[in-house]
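> Input file: query21.txt. Contents: compact mmCIF, C-alpha atoms.
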# COMPACT_ATOMS: atom_id res chain seq x y z
CA MET A 1 -4.29 13.62 -23.25
CA GLY A 2 -1.24 11.52 -22.50
CA SER A 3 -1.84 11.22 -18.76
CA ARG A 4 -1.06 7.91 -17.12
CA VAL A 5 -3.91 6.04 -15.46
CA LEU A 6 -3.85 2.93 -13.28
CA VAL A 7 -6.81 0.54 -13.52
CA THR A 8 -6.95 -2.39 -11.12
CA GLY A 9 -8.69 -5.51 -12.37
CA GLY A 10 -8.57 -4.27 -15.94
CA SER A 11 -8.44 -7.52 -17.90
CA ARG A 12 -12.08 -8.62 -17.74
CA GLY A 13 -15.60 -7.26 -17.44
CA ILE A 14 -16.18 -3.65 -16.46
CA GLY A 15 -12.47 -3.14 -15.88
CA ARG A 16 -11.73 -4.18 -19.45
CA ALA A 17 -14.29 -1.74 -20.82
CA VAL A 18 -12.70 1.00 -18.73
CA VAL A 19 -9.21 0.21 -20.03
CA GLU A 20 -10.37 0.19 -23.65
CA ARG A 21 -12.28 3.45 -23.28
CA LEU A 22 -9.39 5.22 -21.58
CA SER A 23 -6.97 3.95 -24.20
CA ASP A 24 -9.29 5.33 -26.90
CA ASP A 25 -9.30 8.65 -25.03
CA GLY A 26 -5.52 8.83 -25.25
CA TYR A 27 -4.48 7.79 -21.76
CA GLN A 28 -1.45 5.61 -21.10
CA VAL A 29 -3.11 2.76 -19.19
CA VAL A 30 -1.41 0.59 -16.57
CA ASN A 31 -3.48 -2.53 -15.89
CA PHE A 32 -3.03 -4.46 -12.62
CA ASP A 33 -4.59 -7.91 -12.87
CA LEU A 34 -3.81 -11.53 -12.11
CA GLN A 35 -4.44 -12.46 -15.76
CA PRO A 36 -3.36 -10.59 -18.90
CA PRO A 37 -6.02 -9.23 -21.23
CA GLU A 38 -6.93 -11.33 -24.23
CA GLN A 39 -6.25 -8.38 -26.52
CA PRO A 40 -4.10 -5.54 -25.15
CA ALA A 41 -5.32 -2.03 -25.85
CA PRO A 42 -2.98 0.37 -27.70
CA GLY A 43 -0.32 1.55 -25.29
CA GLU A 44 -1.57 -0.63 -22.43
CA GLN A 45 1.01 -1.74 -19.87
CA TYR A 46 -0.03 -4.94 -18.12
CA LEU A 47 1.49 -5.86 -14.75
CA CYS A 48 0.63 -9.12 -13.01
CA ALA A 49 -0.49 -7.96 -9.57
CA ASP A 50 -2.37 -9.68 -6.77
CA VAL A 51 -4.13 -6.75 -5.10
CA SER A 52 -5.16 -8.99 -2.19
CA ASP A 53 -1.47 -9.35 -1.22
CA GLU A 54 -0.19 -6.11 0.30
CA ALA A 55 3.48 -6.83 -0.37
CA ALA A 56 2.82 -7.82 -3.99
CA LEU A 57 0.62 -4.77 -4.55
CA ARG A 58 3.21 -2.40 -3.11
CA GLN A 59 5.86 -3.95 -5.37
CA ALA A 60 3.67 -3.54 -8.46
CA LEU A 61 2.92 0.07 -7.53
CA ALA A 62 6.62 0.82 -7.12
CA GLN A 63 7.33 -0.77 -10.51
CA ALA A 64 4.60 1.24 -12.23
CA LEU A 65 5.78 4.50 -10.68
CA GLN A 66 9.35 3.98 -11.86
CA GLU A 67 8.22 5.30 -15.23
CA GLY A 68 6.81 8.48 -13.74
CA PRO A 69 3.79 9.74 -11.82
CA ILE A 70 0.29 8.41 -12.41
CA THR A 71 -2.33 11.12 -12.00
CA ARG A 72 -5.44 9.01 -12.64
CA LEU A 73 -6.58 5.99 -10.62
CA VAL A 74 -9.52 3.61 -11.10
CA ASN A 75 -9.93 1.19 -8.20
CA ASN A 76 -11.95 -1.47 -10.00
CA ALA A 77 -10.66 -4.81 -8.69
CA GLY A 78 -13.23 -6.57 -6.55
CA ILE A 79 -14.40 -9.96 -5.33
CA VAL A 80 -17.75 -11.30 -4.15
CA ARG A 81 -18.28 -14.07 -1.63
CA PRO A 82 -22.08 -14.48 -1.59
CA GLN A 83 -23.27 -15.91 1.71
CA PRO A 84 -26.26 -15.36 4.01
CA ILE A 85 -25.42 -14.04 7.46
CA GLY A 86 -25.35 -17.47 9.05
CA ARG A 87 -22.55 -18.63 6.76
CA VAL A 88 -20.32 -15.56 6.56
CA SER A 89 -16.92 -16.22 8.10
CA THR A 90 -14.36 -13.75 9.33
CA GLU A 91 -12.08 -15.10 6.58
CA ASP A 92 -14.74 -14.10 4.02
CA LEU A 93 -14.87 -10.61 5.51
CA ARG A 94 -11.10 -10.20 5.52
CA ALA A 95 -10.69 -11.49 1.96
CA VAL A 96 -13.38 -9.19 0.55
CA MET A 97 -12.20 -6.16 2.51
CA ASP A 98 -8.58 -6.72 1.44
CA VAL A 99 -9.49 -6.52 -2.25
CA ASN A 100 -12.47 -4.16 -2.27
CA LEU A 101 -11.25 -1.61 0.28
CA ALA A 102 -7.65 -2.05 1.47
CA ALA A 103 -6.23 -2.27 -2.06
CA ALA A 104 -8.00 0.98 -2.98
CA VAL A 105 -6.45 2.70 0.03
CA LEU A 106 -2.97 1.40 -0.80
CA CYS A 107 -3.21 2.50 -4.44
CA ALA A 108 -4.36 5.97 -3.44
CA GLN A 109 -1.53 6.30 -0.91
CA ALA A 110 1.04 5.39 -3.55
CA LEU A 111 -0.26 7.64 -6.34
CA MET A 112 -1.38 10.74 -4.47
CA PRO A 113 2.09 12.25 -3.92
CA GLY A 114 2.55 12.42 -7.70
CA MET A 115 -0.92 13.89 -8.12
CA ALA A 116 -0.20 16.52 -5.47
CA GLU A 117 3.05 17.45 -7.16
CA ALA A 118 1.21 17.82 -10.48
CA GLY A 119 -1.41 19.99 -8.78
CA GLU A 120 -4.30 17.80 -9.88
CA GLY A 121 -5.49 14.21 -9.90
CA ARG A 122 -8.55 12.02 -10.30
CA ILE A 123 -9.53 8.92 -8.31
CA VAL A 124 -12.59 6.85 -9.19
CA ASN A 125 -13.61 3.92 -7.00
CA ILE A 126 -15.88 1.28 -8.54
CA SER A 127 -18.60 0.49 -6.05
CA SER A 128 -21.91 -1.30 -6.58
CA ARG A 129 -25.63 -0.79 -6.18
CA ALA A 130 -25.31 -3.60 -3.63
CA ALA A 131 -23.83 -1.07 -1.20
CA LEU A 132 -27.43 0.01 -0.59
CA GLY A 133 -28.35 -3.52 0.42
CA LYS A 134 -28.67 -6.91 -1.24
CA THR A 135 -29.46 -10.35 0.15
CA GLU A 136 -26.60 -12.81 0.56
CA ARG A 137 -24.05 -10.04 0.04
CA ILE A 138 -23.11 -9.34 3.65
CA ALA A 139 -19.35 -9.11 3.09
CA TYR A 140 -19.59 -7.54 -0.38
CA ALA A 141 -22.20 -4.91 0.46
CA SER A 142 -20.31 -4.01 3.63
CA SER A 143 -17.08 -3.55 1.70
CA LYS A 144 -18.73 -1.35 -0.93
CA ALA A 145 -20.47 0.76 1.70
CA ALA A 146 -17.07 1.19 3.34
CA LEU A 147 -15.70 2.25 -0.05
CA HIS A 148 -18.29 5.05 -0.08
CA GLY A 149 -17.02 6.27 3.29
CA PHE A 150 -13.45 6.13 2.02
CA THR A 151 -14.44 8.08 -1.10
CA LYS A 152 -16.05 10.88 0.89
CA ALA A 153 -13.36 11.11 3.56
CA LEU A 154 -10.54 11.13 1.03
CA ALA A 155 -12.34 13.75 -1.08
CA LEU A 156 -12.23 16.09 1.92
CA GLU A 157 -8.53 15.39 2.56
CA ALA A 158 -7.41 15.62 -1.06
CA GLY A 159 -9.45 18.57 -2.30
CA ALA A 160 -6.93 21.26 -1.39
CA GLN A 161 -4.37 19.47 -3.58
CA GLY A 162 -6.63 19.59 -6.64
CA ILE A 163 -7.44 15.89 -6.38
CA THR A 164 -11.04 14.73 -6.83
CA VAL A 165 -12.32 11.43 -5.47
CA ASN A 166 -15.60 9.88 -6.60
CA ALA A 167 -17.27 6.48 -6.81
CA VAL A 168 -19.32 4.85 -9.54
CA GLY A 169 -21.90 2.26 -8.51
CA PRO A 170 -22.98 -0.09 -11.32
CA GLY A 171 -26.29 -1.93 -11.21
CA PRO A 172 -26.85 -5.08 -13.30
CA ILE A 173 -24.28 -4.90 -16.11
CA ALA A 174 -24.17 -7.39 -18.97
CA THR A 175 -20.59 -8.51 -18.62
CA GLU A 176 -19.56 -11.86 -20.05
CA LEU A 177 -19.73 -13.44 -16.59
CA PHE A 178 -23.12 -11.93 -15.77
CA THR A 179 -24.61 -13.02 -19.09
CA ARG A 180 -23.27 -16.54 -18.67
CA VAL A 181 -24.96 -16.84 -15.27
CA ASN A 182 -28.09 -14.92 -16.37
CA PRO A 183 -28.70 -15.84 -20.04
CA PRO A 184 -31.09 -13.67 -22.06
CA GLY A 185 -34.65 -15.00 -21.94
CA ALA A 186 -34.19 -17.03 -18.76
CA PRO A 187 -36.90 -16.53 -16.10
CA ALA A 188 -34.32 -15.33 -13.54
CA THR A 189 -32.98 -12.78 -16.03
CA GLN A 190 -36.51 -11.56 -16.74
CA ARG A 191 -37.10 -11.04 -13.02
CA ILE A 192 -34.00 -8.85 -12.86
CA LEU A 193 -35.13 -6.84 -15.87
CA GLU A 194 -38.47 -6.16 -14.19
CA THR A 195 -36.68 -4.40 -11.31
CA ILE A 196 -34.88 -1.99 -13.68
CA PRO A 197 -36.90 1.08 -14.72
CA LEU A 198 -35.18 1.14 -18.13
CA ARG A 199 -36.07 -2.55 -18.59
CA ARG A 200 -32.67 -3.56 -19.88
CA MET A 201 -29.24 -4.50 -18.58
CA GLY A 202 -26.51 -1.93 -18.52
CA LEU A 203 -23.47 -2.23 -20.75
CA PRO A 204 -19.84 -2.22 -19.56
CA ALA A 205 -19.19 0.67 -21.96
CA GLU A 206 -21.81 2.74 -20.16
CA VAL A 207 -19.97 2.34 -16.86
CA ALA A 208 -16.69 3.13 -18.62
CA HIS A 209 -18.22 6.34 -20.00
CA MET A 210 -19.09 7.54 -16.49
CA VAL A 211 -15.60 6.68 -15.26
CA ALA A 212 -13.99 8.51 -18.19
CA SER A 213 -16.15 11.56 -17.51
CA LEU A 214 -15.02 11.74 -13.89
CA LEU A 215 -11.37 11.32 -14.89
CA ASP A 216 -11.55 14.22 -17.33
CA ALA A 217 -9.71 17.41 -16.39
CA ARG A 218 -13.00 19.26 -16.92
CA ALA A 219 -14.67 17.33 -14.07
CA GLY A 220 -12.67 19.22 -11.47
CA PHE A 221 -15.65 20.51 -9.45
CA VAL A 222 -17.19 17.09 -8.79
CA THR A 223 -15.82 15.29 -5.74
CA GLY A 224 -17.00 13.10 -2.89
CA GLN A 225 -19.92 11.78 -4.93
CA VAL A 226 -21.33 8.30 -5.54
CA LEU A 227 -22.85 8.13 -9.03
CA TYR A 228 -24.96 5.12 -9.92
CA VAL A 229 -25.07 3.56 -13.39
CA CYS A 230 -28.08 1.38 -12.70
CA GLY A 231 -30.91 2.13 -15.12
CA GLY A 232 -32.84 3.86 -12.32
CA MET A 233 -32.78 1.00 -9.79
CA THR A 234 -31.48 3.23 -7.00
CA VAL A 235 -33.99 6.06 -7.42
CA GLY A 236 -35.42 6.73 -3.98
CA LEU A 237 -32.80 4.52 -2.34
CA ALA A 238 -29.52 6.42 -2.67
CA SER A 239 -30.17 9.01 -0.01
Starting from the coordinates I provided, produce the structure as structure tokens.


Amino acid sequence: MGSRVLVTGGSRGIGRAVVERLSDDGYQVVNFDLQPPEQPAPGEQYLCADVSDEAALRQALAQALQEGPITRLVNNAGIVRPQPIGRVSTEDLRAVMDVNLAAAVLCAQALMPGMAEAGEGRIVNISSRAALGKTERIAYASSKAALHGFTKALALEAGAQGITVNAVGPGPIATELFTRVNPPGAPATQRILETIPLRRMGLPAEVAHMVASLLDARAGFVTGQVLYVCGGMTVGLAS
């Protein structure tokens, strides 16, 4: 393929699986993260970037674009500040929105001119099943629901330029962090499994496969959609 793709938060977890899959698919991957990956993928370009800092993010975007246009974007970076409603602060809201929504907007703004010039582009925003509602996720769920609105609105704006915009919403995914907090066999882990129709956790590679599919040039008639990788958890909920 040879196209350049920017992945935010690509050094750990789902973002890492996305980077590795896209590298395998032949993309030139630019990874924005605060920490470098433990093992760089072939051809991966890592840039230390704090996506919560607008000035730092703009500088990293300008640096990445010096080497040419980037026609694929995966807005994966995200943070969670779990709190019940009585404990959520406006600082929590701002911090979560800055990373989960504002950074996605800034990245799209920077890359879309190059996509428009190329006559095609793909943007995939990583959301969450929590956008449909989850306890003690007031700030996080709100930010991901806002990301859905951004996805749909931008899809309408960008369509005439050949740019598609979609979101992928993972359910429980067995990342290293998730497994450390929810070890296999633990009662809490079993309770989660019982809520998943497939009765197993998802794998980071399964999310990466959906992302790669939406980035493909052949996915040009799919836009403005939120696709859940959740083992069936959202059936009947994602109206």

> Within 10 Å of Ser11 (chain A), counting all atoms listed in the file, which residues qualify if same-chain residues fewer than 6 places away don't, as a list in words?

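My reading of the contact set: Ala17, Val18, Val19, Glu20, Asn31, Phe32, Asp33, Leu34, Gln35, Pro36, Pro37, Glu38, Gln39, Pro40, Tyr46 and Ala77 of chain A.
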
> Only C-alpha atoms, please: the residues just picked out, written as a PDB file, keeping the file's coordinate frame.


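In the end it all went to part09.pdb:
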ATOM      1  CA  ALA A  17     -14.290  -1.740 -20.820  1.00  0.00           C
ATOM      2  CA  VAL A  18     -12.700   1.000 -18.730  1.00  0.00           C
ATOM      3  CA  VAL A  19      -9.210   0.210 -20.030  1.00  0.00           C
ATOM      4  CA  GLU A  20     -10.370   0.190 -23.650  1.00  0.00           C
ATOM      5  CA  ASN A  31      -3.480  -2.530 -15.890  1.00  0.00           C
ATOM      6  CA  PHE A  32      -3.030  -4.460 -12.620  1.00  0.00           C
ATOM      7  CA  ASP A  33      -4.590  -7.910 -12.870  1.00  0.00           C
ATOM      8  CA  LEU A  34      -3.810 -11.530 -12.110  1.00  0.00           C
ATOM      9  CA  GLN A  35      -4.440 -12.460 -15.760  1.00  0.00           C
ATOM     10  CA  PRO A  36      -3.360 -10.590 -18.900  1.00  0.00           C
ATOM     11  CA  PRO A  37      -6.020  -9.230 -21.230  1.00  0.00           C
ATOM     12  CA  GLU A  38      -6.930 -11.330 -24.230  1.00  0.00           C
ATOM     13  CA  GLN A  39      -6.250  -8.380 -26.520  1.00  0.00           C
ATOM     14  CA  PRO A  40      -4.100  -5.540 -25.150  1.00  0.00           C
ATOM     15  CA  TYR A  46      -0.030  -4.940 -18.120  1.00  0.00           C
ATOM     16  CA  ALA A  77     -10.660  -4.810  -8.690  1.00  0.00           C
TER      17      ALA A  77
END

> With all atoms listed in the file as the basis for distance, which of A:Thr151, A:Ser3, A:Gln109, A:Asn76 is at the shortest distance from Val207 (chain A)?

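Smallest distance to Val207 (chain A) is found for A:Asn76.
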
> Rank A:Arg129, A:Pro184, A:Ala155, A:Glu176 by their smallest atom-to-atom distance to Cys230 (chain A), using all atoms listed in the file, and report the top residue only.

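Closest to Cys230 (chain A) of all the choices is A:Arg129.
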
> Would you mind reading off the distance between CA of Gly86 (chain A) and CA of Val99 (chain A), one decimal, in Å?

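Rounded to one decimal, the two atoms are 22.3 Å apart.
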
> Which residue, A:Thr135, A:Ser143, A:Asn100, A:Gln190, has the smallest gap to Gln83 (chain A) when you use only C-alpha atoms?

A:Thr135

> For Val29 (chain A), please output as a list of chain:residue names all residues within 10 Å (counting all atoms listed in the file; exclusion window: fewer than 4 positions along the same chain).

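Listed by chain and then number, they are A:Gly2, A:Ser3, A:Arg4, A:Val5, A:Leu6, A:Val7, A:Gly10, A:Val18, A:Val19, A:Glu20, A:Leu22, A:Ser23, A:Ala41, A:Pro42, A:Gly43, A:Glu44, A:Gln45, A:Tyr46, A:Ile70, A:Arg72, A:Leu73.
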
> So the first atom is CA of Asp98 (chain A) and the second is CA of Pro84 (chain A); what is the distance between them in Å, to one decimal place?

19.8 Å

> To one decimal in Å, tell me the separation between CA of Asp216 (chain A) and CA of Arg122 (chain A).

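Result for CA of Asp216 (chain A) versus CA of Arg122 (chain A): 8.0 Å, one decimal.
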
> Which polymer residues have any atom within 7 Å of an atom of Met201 (chain A), counting all atoms listed in the file, with same-chain residues fewer than 5 positions away left out, as a compact mmCIF listing (two decimals) with C-alpha atoms, in the coordinates of the input?


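Output below, filename around-v4.txt:
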# COMPACT_ATOMS: atom_id res chain seq x y z
CA PRO A 172 -26.85 -5.08 -13.30
CA ILE A 173 -24.28 -4.90 -16.11
CA ALA A 174 -24.17 -7.39 -18.97
CA LEU A 193 -35.13 -6.84 -15.87
